[in-house]
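What follows is my_file-v2.cif (mmCIF, C-alpha atoms).
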```cif
data_structure
loop_
_atom_site.label_atom_id
_atom_site.label_comp_id
_atom_site.auth_asym_id
_atom_site.auth_seq_id
_atom_site.Cartn_x
_atom_site.Cartn_y
_atom_site.Cartn_z
CA MET A 86 0.00 0.00 0.00
CA GLY A 87 1.32 3.45 -0.90
CA GLU A 88 1.97 6.08 1.72
CA THR A 89 1.35 9.25 -0.22
CA PRO A 90 -1.95 10.67 -1.35
CA LEU A 91 -2.85 9.70 -4.89
CA PRO A 92 -4.70 12.65 -6.36
CA SER A 93 -5.57 10.72 -9.50
CA ARG A 94 -7.60 8.24 -7.45
CA ALA A 95 -9.02 10.81 -5.08
CA GLY A 96 -12.41 10.23 -3.69
CA THR A 97 -14.43 7.49 -5.19
CA TRP A 98 -16.96 6.38 -2.66
CA ARG A 99 -15.84 2.80 -2.87
CA SER A 100 -12.13 3.48 -2.45
CA VAL A 101 -12.82 5.34 0.78
CA PHE A 102 -15.57 3.28 2.37
CA GLY A 103 -15.05 -0.11 0.70
CA ALA A 104 -12.55 -1.52 3.18
CA PRO A 105 -14.33 -0.10 6.25
CA ILE A 106 -17.61 -1.65 5.10
CA VAL A 107 -16.01 -5.08 4.64
CA ILE A 108 -14.40 -4.80 8.10
CA GLY A 109 -17.72 -3.68 9.57
CA ILE A 110 -19.62 -6.63 8.11
CA LEU A 111 -16.91 -8.99 9.39
CA SER A 112 -17.19 -7.41 12.86
CA LEU A 113 -20.97 -7.82 12.99
CA GLY A 114 -20.68 -11.39 11.71
CA GLY A 115 -18.10 -12.16 14.38
CA LEU A 116 -20.18 -10.59 17.14
CA LEU A 117 -23.20 -12.68 16.19
CA SER A 118 -21.48 -15.94 15.27
CA ALA A 119 -20.25 -16.68 18.80
CA LEU A 120 -23.79 -16.12 20.04
CA LEU A 121 -25.64 -18.10 17.38
CA LEU A 122 -23.31 -20.74 15.95
CA GLY A 123 -21.96 -22.47 19.04
CA GLU A 124 -18.40 -23.80 19.09
CA VAL A 125 -17.59 -23.08 15.41
CA GLY A 126 -19.01 -19.58 15.79
CA LYS A 127 -16.58 -18.93 18.60
CA TYR A 128 -13.59 -19.53 16.32
CA LEU A 129 -15.18 -17.45 13.57
CA SER A 130 -15.68 -14.59 16.02
CA TRP A 131 -12.04 -14.64 17.08
CA ILE A 132 -10.88 -14.43 13.45
CA ALA A 133 -13.40 -11.80 12.36
CA LEU A 134 -12.91 -9.50 15.35
CA ALA A 135 -9.12 -9.76 15.18
CA VAL A 136 -9.15 -8.15 11.70
CA PRO A 137 -9.23 -4.54 13.04
CA LEU A 138 -6.35 -5.38 15.37
CA VAL A 139 -4.26 -6.90 12.57
CA ILE A 140 -4.86 -3.89 10.31
CA SER A 141 -3.85 -1.50 13.11
CA VAL A 142 -0.68 -3.40 13.92
CA ARG A 143 0.27 -3.60 10.24
CA ALA A 144 -0.23 0.15 9.85
CA TYR A 145 2.00 0.68 12.89
CA MET A 146 4.76 -1.62 11.62
CA ARG A 147 4.86 -0.10 8.14
CA ARG A 148 8.00 1.95 7.49
CA PRO A 149 7.49 5.62 6.88
CA MET B 213 -16.02 17.70 25.30
CA ILE B 214 -17.10 16.86 28.85
CA SER B 215 -18.91 13.88 27.40
CA THR B 216 -15.64 12.61 25.91
CA VAL B 217 -14.19 12.55 29.43
CA PHE B 218 -17.11 10.37 30.54
CA LEU B 219 -16.60 8.12 27.53
CA LEU B 220 -12.96 7.73 28.48
CA LEU B 221 -14.11 6.85 32.02
CA LEU B 222 -16.47 4.24 30.57
CA CYS B 223 -13.76 2.74 28.36
CA LEU B 224 -11.13 2.75 31.13
CA THR B 225 -13.35 1.22 33.84
CA GLY B 226 -14.77 -1.20 31.30
CA LEU B 227 -11.34 -2.55 30.40
CA PRO B 228 -10.69 -4.46 33.68
CA LEU B 229 -14.40 -5.31 33.96
CA ILE B 230 -13.99 -7.57 30.90
CA PHE B 231 -11.87 -9.80 33.15
CA THR B 232 -14.02 -9.49 36.30
CA HIS B 233 -14.24 -13.24 36.71
CA GLU B 234 -10.49 -13.81 36.39
CA ILE B 235 -9.53 -10.84 38.59
CA ASN B 236 -11.95 -11.89 41.33
CA ASP B 237 -10.49 -15.38 41.19
CA ALA B 238 -6.96 -14.02 41.50
CA LEU B 239 -7.81 -11.64 44.35
CA GLY B 240 -9.70 -14.29 46.28
CA TYR B 241 -13.17 -12.76 45.84
CA SER B 242 -14.59 -15.86 44.20
CA PRO B 243 -16.08 -18.54 46.40
CA LYS B 244 -14.06 -21.75 46.30
CA LYS B 245 -15.96 -24.95 46.89
CA GLU B 246 -14.44 -28.17 48.04
CA PRO B 247 -14.43 -31.19 45.75
CA HIS B 248 -17.05 -33.84 46.43
CA PRO B 249 -16.44 -37.53 46.69
CA PRO B 250 -17.79 -39.31 43.61
CA GLY B 251 -21.31 -40.58 44.09
CA ALA B 252 -22.16 -38.00 46.74
CA SER B 253 -25.77 -36.89 46.55
CA LYS B 254 -27.14 -33.39 46.82
CA LEU B 255 -29.12 -32.27 49.83
CA SER B 256 -32.63 -30.96 49.39
CA LEU B 257 -32.90 -27.36 48.24
CA ASP B 258 -34.99 -26.63 51.33
CA ALA B 259 -32.03 -27.65 53.50
CA VAL B 260 -29.81 -25.21 51.58
CA GLY B 261 -32.46 -22.49 51.99
CA ARG B 262 -32.65 -23.11 55.74
CA ALA B 263 -28.87 -22.97 55.99
CA ALA B 264 -28.82 -19.63 54.16
CA LEU B 265 -31.41 -18.18 56.54
CA ALA B 266 -29.60 -19.54 59.60
CA ASP B 267 -26.42 -17.95 58.30
CA LYS B 268 -28.02 -14.50 58.36
CA PRO B 269 -30.63 -14.41 61.13
CA GLY B 270 -33.49 -11.98 60.67
CA SER B 271 -33.28 -12.03 56.88
CA VAL B 272 -35.46 -13.44 54.12
CA LEU B 273 -34.41 -15.07 50.87
CA LEU B 274 -35.00 -13.12 47.66
CA TYR B 275 -33.49 -15.32 44.99
CA LEU B 276 -31.65 -18.58 44.53
CA GLY B 277 -29.49 -18.87 41.43
CA TRP B 278 -27.32 -21.43 39.65
CA ASP B 279 -24.23 -20.74 37.55
CA LYS B 280 -24.17 -23.00 34.50
CA ASP B 281 -20.37 -22.99 34.42
CA ASP B 282 -19.93 -23.70 38.12
CA PRO B 283 -22.34 -26.44 39.21
CA GLY B 284 -22.66 -27.82 42.72
CA GLN B 285 -23.32 -24.52 44.41
CA VAL B 286 -26.35 -22.29 44.94
CA TYR B 287 -26.17 -18.50 44.94
CA THR B 288 -28.38 -17.19 47.73
CA TYR B 289 -29.60 -13.59 47.84
CA ALA B 290 -30.75 -12.44 51.28
CA ASN B 291 -31.93 -9.15 52.73
CA THR B 292 -34.06 -7.83 55.58
CA SER B 293 -37.20 -7.84 53.37
CA VAL B 294 -38.14 -8.58 49.78
CA THR B 295 -38.54 -4.86 49.08
CA ALA B 296 -35.28 -3.68 50.70
CA ASP B 297 -32.75 -1.64 48.68
CA PRO B 298 -31.15 -4.13 46.23
CA GLN B 299 -27.73 -2.58 46.83
CA THR B 300 -27.82 -3.94 50.40
CA THR B 301 -28.62 -7.52 49.37
CA THR B 302 -25.92 -9.99 50.37
CA VAL B 303 -25.01 -12.75 47.93
CA LYS B 304 -23.45 -15.89 49.30
CA THR B 305 -22.92 -19.30 47.77
CA PHE B 306 -23.77 -22.55 49.51
CA ASP B 307 -22.61 -26.05 48.76
CA GLU B 308 -25.43 -28.16 47.32
CA TYR B 309 -23.99 -31.32 48.91
CA THR B 310 -23.31 -30.10 52.44
CA ALA B 311 -25.44 -26.91 52.72
CA LYS B 312 -22.35 -25.20 54.10
CA PRO B 313 -21.56 -21.60 53.13
CA ILE B 314 -18.77 -21.34 50.56
CA GLY B 315 -18.24 -17.62 50.33
CA SER B 316 -19.58 -14.16 49.56
CA VAL B 317 -19.95 -12.98 45.98
CA GLY B 318 -19.46 -9.61 44.38
CA GLY B 319 -17.35 -7.50 46.69
CA GLY B 320 -13.92 -5.99 46.37
CA PRO B 321 -12.39 -3.58 43.87
CA MET B 322 -14.32 -4.96 40.90
CA LEU B 323 -17.58 -3.86 42.51
CA VAL B 324 -16.22 -0.32 42.82
CA LEU B 325 -15.29 -0.35 39.12
CA LEU B 326 -18.69 -1.77 38.24
CA ARG B 327 -20.48 1.02 40.10
CA LEU B 328 -18.24 3.65 38.46
CA HIS B 329 -18.98 2.06 35.09
CA THR B 330 -22.75 1.73 35.48
CA ASP B 331 -24.17 4.46 37.70
CA VAL B 332 -21.29 6.42 39.34
CA TYR B 333 -22.93 5.49 42.69
CA LEU B 334 -26.09 7.43 41.87
CA GLY B 335 -28.56 4.59 41.36
CA LEU B 336 -31.12 4.79 38.57
CA PRO B 337 -30.49 8.48 37.70
CA GLY B 338 -26.80 7.64 37.38
CA LYS B 339 -27.63 4.73 35.08
CA LEU B 340 -29.86 6.84 32.87
CA PHE B 341 -27.16 9.52 32.76
CA MET B 342 -24.63 6.91 31.65
CA GLY B 343 -27.16 5.73 29.07
CA PHE B 344 -27.37 9.27 27.75
CA MET B 345 -23.56 9.38 27.59
CA GLY B 346 -23.74 6.14 25.63
CA LEU B 347 -26.12 7.77 23.15
CA LEU B 348 -23.70 10.69 22.79
CA PHE B 349 -20.94 8.13 22.18
CA MET B 350 -22.92 6.62 19.33
CA THR B 351 -23.63 10.07 17.89
CA ALA B 352 -19.91 10.90 18.08
CA ILE B 353 -19.09 7.65 16.25
CA ILE B 354 -21.54 8.43 13.47
CA SER B 355 -20.28 12.01 13.10
CA GLY B 356 -16.79 10.52 12.94
CA VAL B 357 -17.85 8.28 10.07
CA VAL B 358 -19.26 11.30 8.23
CA LEU B 359 -16.01 13.24 8.73
CA TYR B 360 -13.99 10.22 7.60
CA TRP B 361 -14.87 11.01 4.00
CA PRO B 362 -13.37 14.53 3.65
CA PHE B 363 -10.32 13.59 5.72
CA THR B 364 -9.34 10.41 3.91
CA ARG B 365 -10.73 10.62 0.41
CA ARG B 366 -7.32 11.57 -1.01
CA LEU B 367 -5.53 8.83 0.89
CA ASN B 368 -5.21 5.10 0.55
CA PHE B 369 -6.97 3.05 3.16
CA ALA B 370 -4.94 2.74 6.36
CA ALA B 371 -2.41 5.31 5.22
CA ILE B 372 -0.54 6.93 8.11
CA ARG B 373 1.47 9.95 6.95
CA LYS B 374 4.36 9.24 9.27
CA GLU B 375 6.60 11.87 7.70
CA LYS B 376 4.11 14.66 8.42
CA SER B 377 3.52 16.68 11.60
CA ARG B 378 2.33 15.14 14.84
CA ARG B 379 -1.14 16.55 14.29
CA VAL B 380 -1.45 14.92 10.86
CA ARG B 381 -0.19 11.60 12.20
CA TRP B 382 -2.69 11.67 15.04
CA LEU B 383 -5.43 12.60 12.61
CA ASP B 384 -4.56 9.57 10.47
CA TRP B 385 -4.44 7.26 13.48
CA HIS B 386 -7.73 8.65 14.81
CA ASN B 387 -9.33 8.00 11.42
CA LEU B 388 -7.88 4.53 10.94
CA LEU B 389 -8.45 3.15 14.45
CA GLY B 390 -11.87 4.80 14.55
CA VAL B 391 -13.06 3.35 11.26
CA VAL B 392 -11.84 -0.22 11.87
CA THR B 393 -13.53 -0.39 15.30
CA VAL B 394 -16.71 1.47 14.34
CA CYS B 395 -19.11 -1.50 14.18
CA TRP B 396 -17.79 -3.07 17.36
CA ALA B 397 -17.97 0.26 19.20
CA LEU B 398 -21.53 0.91 17.98
CA VAL B 399 -22.63 -2.55 19.17
CA VAL B 400 -20.92 -2.25 22.56
CA GLY B 401 -22.23 1.32 22.96
CA GLY B 402 -25.74 0.46 21.86
CA THR B 403 -26.03 -2.65 24.02
CA GLY B 404 -24.61 -0.63 26.92
CA VAL B 405 -27.40 1.92 26.48
CA ILE B 406 -29.97 -0.90 26.46
CA ASN B 407 -28.46 -2.22 29.70
CA THR B 408 -28.91 1.13 31.43
CA LEU B 409 -32.64 0.70 30.83
CA ALA B 410 -32.80 -2.71 32.57
CA GLU B 411 -34.55 -1.41 35.69
CA VAL B 412 -37.01 0.61 33.64
CA MET B 413 -37.81 -2.41 31.43
CA LEU B 414 -38.27 -4.66 34.46
CA GLY B 415 -40.77 -2.13 35.84
CA VAL B 416 -42.72 -2.10 32.56
CA TRP B 417 -42.83 -5.91 32.56
CA GLN B 418 -44.06 -5.96 36.18
CA ARG B 419 -46.88 -3.55 35.46
CA ASN B 420 -47.99 -5.22 32.22
CA GLU B 421 -47.10 -8.82 31.32
CA LEU B 422 -46.39 -9.96 34.88
CA ALA B 423 -49.49 -8.23 36.29
CA ALA B 424 -51.59 -9.94 33.60
CA MET B 425 -50.15 -13.36 34.46
CA ALA B 426 -50.83 -12.83 38.17
CA ALA B 427 -54.27 -11.25 37.63
CA PRO B 428 -56.27 -14.29 38.91
CA TYR B 429 -54.57 -13.79 42.29
CA ALA B 430 -55.38 -10.08 42.58
CA GLY B 431 -56.83 -9.19 45.96
CA LYS B 432 -55.78 -12.43 47.63
CA PRO B 433 -53.59 -12.23 50.71
CA PRO B 434 -49.90 -13.06 50.23
CA PRO B 435 -48.94 -16.68 50.92
CA ALA B 436 -49.05 -17.50 54.65
CA GLN B 437 -46.56 -20.31 54.31
CA LEU B 438 -44.12 -20.71 51.44
CA ALA B 439 -44.09 -23.88 49.35
CA SER B 440 -41.15 -26.27 49.39
CA LEU B 441 -38.31 -25.08 47.14
CA ASP B 442 -37.71 -28.59 45.85
CA LYS B 443 -41.34 -28.78 44.79
CA VAL B 444 -41.07 -25.39 43.05
CA VAL B 445 -37.98 -26.40 41.06
CA GLY B 446 -39.39 -29.88 40.36
CA ASN B 447 -42.71 -28.57 39.03
CA ALA B 448 -41.05 -25.88 36.93
CA THR B 449 -38.66 -28.40 35.39
CA VAL B 450 -41.54 -30.72 34.51
CA ALA B 451 -43.46 -27.83 32.95
CA MET B 452 -40.49 -26.83 30.77
CA PRO B 453 -38.90 -30.05 29.52
CA GLY B 454 -35.39 -29.64 28.13
CA MET B 455 -34.82 -26.50 30.14
CA ASP B 456 -32.77 -25.98 33.21
CA ILE B 457 -33.35 -23.74 36.25
CA ALA B 458 -31.43 -20.44 36.15
CA PHE B 459 -32.90 -18.78 39.23
CA ILE B 460 -35.94 -18.69 41.51
CA ALA B 461 -37.48 -15.39 42.60
CA PHE B 462 -39.33 -15.50 45.91
CA PRO B 463 -42.86 -14.03 46.18
CA GLY B 464 -42.83 -10.24 46.45
CA THR B 465 -39.47 -9.61 44.75
CA PRO B 466 -39.27 -7.45 41.60
CA PHE B 467 -39.06 -10.53 39.36
CA THR B 468 -42.41 -12.00 40.35
CA SER B 469 -45.78 -11.21 41.91
CA SER B 470 -46.46 -11.12 45.64
CA HIS B 471 -48.31 -14.46 45.34
CA HIS B 472 -45.94 -16.45 43.19
CA TYR B 473 -42.55 -17.96 42.99
CA ALA B 474 -41.05 -17.32 39.58
CA ALA B 475 -38.72 -19.97 38.21
CA PHE B 476 -36.63 -18.62 35.32
CA MET B 477 -35.71 -21.46 33.00
CA ARG B 478 -32.89 -21.45 30.46
CA GLY B 479 -32.07 -23.54 27.40
CA ASP B 480 -28.74 -25.11 26.57
CA THR B 481 -27.39 -23.14 23.60
CA PRO B 482 -25.50 -19.84 24.01
CA LEU B 483 -28.60 -18.00 22.77
CA THR B 484 -31.40 -19.91 24.53
CA ALA B 485 -29.38 -19.91 27.77
CA ARG B 486 -29.80 -16.13 27.73
CA LEU B 487 -33.45 -16.05 26.70
CA MET B 488 -34.93 -17.22 29.97
CA ARG B 489 -38.57 -18.19 30.29
CA PRO B 490 -40.42 -17.42 33.53
CA VAL B 491 -42.75 -20.00 35.13
CA LEU B 492 -45.02 -18.64 37.85
CA LEU B 493 -45.82 -21.07 40.65
CA ASP B 494 -48.31 -20.68 43.47
CA GLY B 495 -46.46 -19.41 46.54
CA GLU B 496 -48.28 -21.73 48.94
CA THR B 497 -48.68 -24.94 46.94
CA GLY B 498 -45.84 -24.71 44.42
CA ALA B 499 -48.25 -25.66 41.60
CA VAL B 500 -47.54 -24.17 38.16
CA SER B 501 -49.83 -21.20 37.72
CA ASP B 502 -48.78 -19.67 34.39
CA THR B 503 -45.88 -19.29 32.00
CA SER B 504 -45.21 -17.11 29.00
CA ASP B 505 -42.32 -15.95 26.89
CA LEU B 506 -40.62 -12.74 27.92
CA PRO B 507 -41.67 -9.73 25.83
CA ILE B 508 -39.41 -8.61 23.01
CA TYR B 509 -37.85 -5.73 24.96
CA LEU B 510 -36.66 -8.03 27.75
CA LYS B 511 -35.36 -10.52 25.19
CA ALA B 512 -33.46 -7.66 23.57
CA LEU B 513 -32.03 -6.80 26.98
CA LEU B 514 -30.95 -10.37 27.68
CA VAL B 515 -29.34 -10.78 24.25
CA SER B 516 -27.63 -7.39 24.51
CA GLN B 517 -25.83 -8.31 27.72
CA PRO B 518 -23.25 -10.71 26.26
CA LEU B 519 -22.72 -8.35 23.32
CA HIS B 520 -21.79 -5.65 25.82
CA PHE B 521 -19.70 -7.80 28.18
CA GLY B 522 -17.84 -9.85 25.55
CA ASP B 523 -18.03 -12.88 27.84
CA TYR B 524 -19.54 -15.35 25.40
CA GLY B 525 -16.59 -16.53 23.33
CA GLY B 526 -13.96 -17.75 25.75
CA MET B 527 -10.74 -16.08 26.81
CA PRO B 528 -9.57 -15.19 23.26
CA LEU B 529 -12.71 -13.14 22.72
CA LYS B 530 -12.17 -11.36 26.05
CA ILE B 531 -8.62 -10.46 25.01
CA ILE B 532 -9.81 -9.22 21.60
CA TRP B 533 -12.54 -7.24 23.42
CA ALA B 534 -9.92 -5.62 25.65
CA LEU B 535 -7.65 -4.74 22.70
CA LEU B 536 -10.55 -3.22 20.77
CA ASP B 537 -11.34 -1.22 23.90
CA VAL B 538 -7.72 -0.01 24.00
CA LEU B 539 -8.03 1.10 20.35
CA THR B 540 -11.21 2.99 21.25
CA ILE B 541 -9.39 4.70 24.14
CA ILE B 542 -6.68 5.78 21.66
CA VAL B 543 -9.35 7.08 19.26
CA LEU B 544 -10.98 9.10 22.06
CA GLY B 545 -7.64 10.35 23.39
CA GLY B 546 -6.56 11.29 19.87
CA GLY B 547 -9.86 13.05 19.37
CA VAL B 548 -9.28 15.13 22.49
CA TYR B 549 -5.74 15.94 21.32
CA LEU B 550 -6.95 17.01 17.86
CA TRP B 551 -9.65 19.14 19.42
CA TRP B 552 -7.09 20.74 21.73
CA VAL B 553 -4.63 21.53 18.92
CA LYS B 554 -7.37 23.01 16.81
CA ARG B 555 -8.64 25.10 19.70
CA SER B 556 -5.22 26.54 20.56
CA LYS B 557 -4.55 27.27 16.88
CA VAL B 558 -7.80 29.13 16.56
CA ARG B 559 -6.99 31.03 19.74
CA ARG B 560 -3.64 32.12 18.35
CA GLY B 561 -5.40 33.15 15.22
CA ALA B 562 -3.11 30.98 13.19
CA ARG B 563 -4.20 29.55 9.92
CA LEU B 564 -4.64 25.83 9.77
CA ALA B 565 -2.13 23.78 7.92
CA THR B 566 -2.90 23.77 4.25
CA ALA B 567 -2.04 20.13 3.63
CA GLY B 568 -5.31 18.57 4.69
CA PRO B 569 -8.87 19.69 4.91
CA ALA B 570 -9.68 22.00 7.82
CA LEU B 571 -10.18 20.27 11.14
CA GLN B 572 -13.68 20.61 12.29
CA ALA B 573 -14.80 20.69 15.85
CA SER B 574 -16.58 17.53 16.84
#
```

Kindly present the structure from the file in C-alpha cells form.
Amino acid sequence: MGETPLPSRAGTWRSVFGAPIVIGILSLGGLLSALLLGEVGKYLSWIALAVPLVISVRAYMRRP
Amino acid sequence: MISTVFLLLLCLTGLPLIFTHEINDALGYSPKKEPHPPGASKLSLDAVGRAALADKPGSVLLYLGWDKDDPGQVYTYANTSVTADPQTTTVKTFDEYTAKPIGSVGGGPMLVLLRLHTDVYLGLPGKLFMGFMGLLFMTAIISGVVLYWPFTRRLNFAAIRKEKSRRVRWLDWHNLLGVVTVCWALVVGGTGVINTLAEVMLGVWQRNELAAMAAPYAGKPPPAQLASLDKVVGNATVAMPGMDIAFIAFPGTPFTSSHHYAAFMRGDTPLTARLMRPVLLDGETGAVSDTSDLPIYLKALLVSQPLHFGDYGGMPLKIIWALLDVLTIIVLGGGVYLWWVKRSKVRRGARLATAGPALQAS
C-alpha cells in the first residue's frame, strides 16, 4: 500500500468506504457468530474480530 | 467535550471489567468450593435455603441462582425484606452437597469499578445519565464516520502519513483506528445503552405482562406459608422439559408477583441460555400457575448483555474485546488531542495547515 496521497484516485466512494464496510460486516458477523453458531461460531468470532487489530498493527509496523 | 471525558471513564473502567471473573479469582473474591467424593448426593434445596437463613438471622431469601459454568453450588440472595434496597442484598454461595456456606460474591475492587462504570454510585439516575452518555458516544461515532470522508478521500486506506507533523499523524491514526472499530464500538455502545434501561424495562414488565399473568390472584392475601423449594424447582422443570433452572425469585421480589414464585428457565445453547422463560408457581402450593415468553424488549435486553460484556466466546474473545477497547481509548484520546490543537490554533489566530482539509470541531 502506498503512503502518499494519490490525487488521480481521489475520492471514489468505494475506495474510501469499501474496506471499512467489509471490516464492519466482518465485525458484525463475528459478534453474532459466537452467540448463534456455538463452538464453530466462537472460532469465527475470534478471526473476524481480530481483523481490526491486525490492520492496526500492520499500519504501525509499516516503514514511513 | 465533557462527554468525551465520561466516555474515556467508561472505556477505562470497562477494560478491567472484561476480566471481572479472572480478577476476582486471582484476588480471592470468588467462592471456592471443596471437591465432592464421587457418588455423593445433593441435599434438598430446602435444606440449603434453611442454611442460608440460619447464616443470616433476621433475613429473608429473595433469589436462589445457579451458575451454568460452576455447578454444585447455589447462589443465595438475602436481605431484611423482599422490598429492601437491592444494593444492600448480600449474595453468598452454599454447597449443594453439604449446605455449608462457601463464600460471599461480588465485593472488592471490581464492585467499585462496576459502580463507576454503570451508575457512578447514583442509582437509577446515574444509570440513565450513563445511558445518555452512551447515546452521545454513538452520535460521536456516526459524526466521525461522516467526517472520515473529507479527511481520507485523497488517501489510501490505512495510510498513516508518518513523515508529516504530529497533528497529521494523530489525525490519520484517529481515522484509521476509529473506522476499523466502528461497528464493534456501535454494538458495545448500543447494548450498553440498552443495559442502562434494565430497571425501567423490568418495571414495565411488572406492570404489564407480569401483572396480567398474576391477575387471577389479585386481591388475595400473600402466601401464609411458602411452598417447598424442591417442589417449586421440580414442578417448573416438569413444565419446561429440556430447560434448566437459572434462578428462583421468591414471592414479592421485583421478578415476580407477591403471590408467586417465579422460576426462570434457560435452554442449553448460548442463545437460549440467555433467553430465559419465567414460570409462575403458586407461593403456597408450588403448583404451576402460568408461564409465557418474555416480551421482546426483555429478550433484547438479555441478548444485549453478552454483546456488551464480551463474555460469550472464551478467553480469546475477552482479550480481543480488551484490545478493541484499547483502540477505542486511543481514538478518544486522539480526538481530544486534535480538538485541543485546533482550539489553541484558533486562539492564536493561526491559519490551519494547508495540507489537509480543515479540522472541524466535533

Run the PyMOL selection byres ((chain B and resi 297-312) around 6) against the file shown and list the residues it catches, as a ChimeraX atom specification. /B:254-255,260,284-291,296,313-317

Result set, the PyMOL selection byres ((chain B) within 8 of (chain A)) on current file, as a PyMOL selection string: chain B and resi 361+364-375+388-389+391-396+481-483+519+524-526+528-529+532+535-536

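Computed from the coordinates, the CA of Trp552 in chain B to CA of Val332 in chain B distance equals 26.8 Å.
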
CA of Ala264 in chain B and CA of Pro435 in chain B are how many Å apart?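 For CA of Ala264 in chain B relative to CA of Pro435 in chain B, the distance reads 20.6 Å.
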
Please expand the PyMOL selection byres ((chain B and resi 400) around 12) into the concrete residues it hits in this file, giving the result as a PyMOL selection string. (chain A and resi 112-113+116) or (chain B and resi 222-223+226+346-347+349-350+353+393-399+401-407+516-522+533-534+536-537+540)

What lies within 9 Å of Gly547 in chain B using only C-alpha atoms, ignoring chain neighbours under 3 positions off, as a PyMOL selection string? chain B and resi 216+382-383+386+542-544+550-552+574

Selected residues, C-alpha atoms, written as a PDB file, in the frame of the given file, please.
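For reference, again.pdb as written:
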```pdb
ATOM      1  CA  THR B 216     -15.640  12.610  25.910  1.00  0.00           C
ATOM      2  CA  TRP B 382      -2.690  11.670  15.040  1.00  0.00           C
ATOM      3  CA  LEU B 383      -5.430  12.600  12.610  1.00  0.00           C
ATOM      4  CA  HIS B 386      -7.730   8.650  14.810  1.00  0.00           C
ATOM      5  CA  ILE B 542      -6.680   5.780  21.660  1.00  0.00           C
ATOM      6  CA  VAL B 543      -9.350   7.080  19.260  1.00  0.00           C
ATOM      7  CA  LEU B 544     -10.980   9.100  22.060  1.00  0.00           C
ATOM      8  CA  LEU B 550      -6.950  17.010  17.860  1.00  0.00           C
ATOM      9  CA  TRP B 551      -9.650  19.140  19.420  1.00  0.00           C
ATOM     10  CA  TRP B 552      -7.090  20.740  21.730  1.00  0.00           C
ATOM     11  CA  SER B 574     -16.580  17.530  16.840  1.00  0.00           C
TER      12      SER B 574
END
```

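The protein and nucleic acid residues lying at most 10 Å from range 279-281 of chain B are B:Tyr287, B:Asp456, B:Ile457, B:Ala458, B:Phe459, B:Arg478, B:Asp480, B:Ala485, with all atoms listed in the file considered and sequence neighbours fewer than 6 positions away removed.
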
For range 336-343 of chain B, work out the shell of residues within 7 Å, counting all atoms listed in the file and skipping chain neighbours fewer than 5 positions away, then give it as a list in words. Thr330, Asp331, Val405 and Thr408 of chain B

Please, what distance in Å, to one decimal, runs between CA of Arg379 in chain B and CA of Val553 in chain B? 7.6 Å

Proximity to Val491 in chain B - best of B:Pro463, B:Gly318, B:Met452, B:Val515, only C-alpha atoms: B:Met452

Return the single residue from B:Ile531, B:Ile460, B:Lys511, B:Gly390 that is closest to Val357 in chain B, with distances computed using all atoms listed in the file. B:Gly390

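The environment of Gly446 in chain B within 12 Å, counting only C-alpha atoms and disregarding residues fewer than 2 places along the same chain, consists of Ser256, Leu257, Ala439, Ser440, Leu441, Asp442, Lys443, Val444, Ala448, Thr449, Val450, Ala451, Met452, Pro453, Met455, Asp456, Ile457, Ile460, Ala475, Met477, Val491, Leu493, Gly498, Ala499 and Val500 of chain B.
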
Could you add the missing atoms to range 338-349 of chain B, up to N, CA and C atoms, and return them as a PDB file, in the frame of the given file?
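Listing of part25.pdb after writing:
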```
ATOM      1  N   GLY B 338     -28.160   7.815  37.879  1.00  0.00           N
ATOM      2  CA  GLY B 338     -26.800   7.640  37.380  1.00  0.00           C
ATOM      3  C   GLY B 338     -26.769   6.741  36.167  1.00  0.00           C
ATOM      4  N   LYS B 339     -27.580   5.658  36.216  1.00  0.00           N
ATOM      5  CA  LYS B 339     -27.630   4.730  35.080  1.00  0.00           C
ATOM      6  C   LYS B 339     -28.174   5.422  33.839  1.00  0.00           C
ATOM      7  N   LEU B 340     -29.261   6.179  34.025  1.00  0.00           N
ATOM      8  CA  LEU B 340     -29.860   6.840  32.870  1.00  0.00           C
ATOM      9  C   LEU B 340     -28.905   7.890  32.310  1.00  0.00           C
ATOM     10  N   PHE B 341     -28.157   8.549  33.208  1.00  0.00           N
ATOM     11  CA  PHE B 341     -27.160   9.520  32.760  1.00  0.00           C
ATOM     12  C   PHE B 341     -26.099   8.824  31.916  1.00  0.00           C
ATOM     13  N   MET B 342     -25.624   7.655  32.406  1.00  0.00           N
ATOM     14  CA  MET B 342     -24.630   6.910  31.650  1.00  0.00           C
ATOM     15  C   MET B 342     -25.211   6.443  30.311  1.00  0.00           C
ATOM     16  N   GLY B 343     -26.497   6.106  30.314  1.00  0.00           N
ATOM     17  CA  GLY B 343     -27.160   5.730  29.070  1.00  0.00           C
ATOM     18  C   GLY B 343     -27.152   6.877  28.074  1.00  0.00           C
ATOM     19  N   PHE B 344     -27.384   8.088  28.610  1.00  0.00           N
ATOM     20  CA  PHE B 344     -27.370   9.270  27.750  1.00  0.00           C
ATOM     21  C   PHE B 344     -25.957   9.493  27.197  1.00  0.00           C
ATOM     22  N   MET B 345     -24.940   9.277  28.058  1.00  0.00           N
ATOM     23  CA  MET B 345     -23.560   9.380  27.590  1.00  0.00           C
ATOM     24  C   MET B 345     -23.304   8.359  26.482  1.00  0.00           C
ATOM     25  N   GLY B 346     -23.885   7.174  26.648  1.00  0.00           N
ATOM     26  CA  GLY B 346     -23.740   6.140  25.630  1.00  0.00           C
ATOM     27  C   GLY B 346     -24.349   6.585  24.306  1.00  0.00           C
ATOM     28  N   LEU B 347     -25.493   7.256  24.385  1.00  0.00           N
ATOM     29  CA  LEU B 347     -26.120   7.770  23.150  1.00  0.00           C
ATOM     30  C   LEU B 347     -25.219   8.820  22.507  1.00  0.00           C
ATOM     31  N   LEU B 348     -24.622   9.687  23.334  1.00  0.00           N
ATOM     32  CA  LEU B 348     -23.700  10.690  22.790  1.00  0.00           C
ATOM     33  C   LEU B 348     -22.507  10.003  22.114  1.00  0.00           C
ATOM     34  N   PHE B 349     -22.048   8.916  22.740  1.00  0.00           N
ATOM     35  CA  PHE B 349     -20.940   8.130  22.180  1.00  0.00           C
ATOM     36  C   PHE B 349     -21.292   7.663  20.778  1.00  0.00           C
TER      37      PHE B 349
END
```
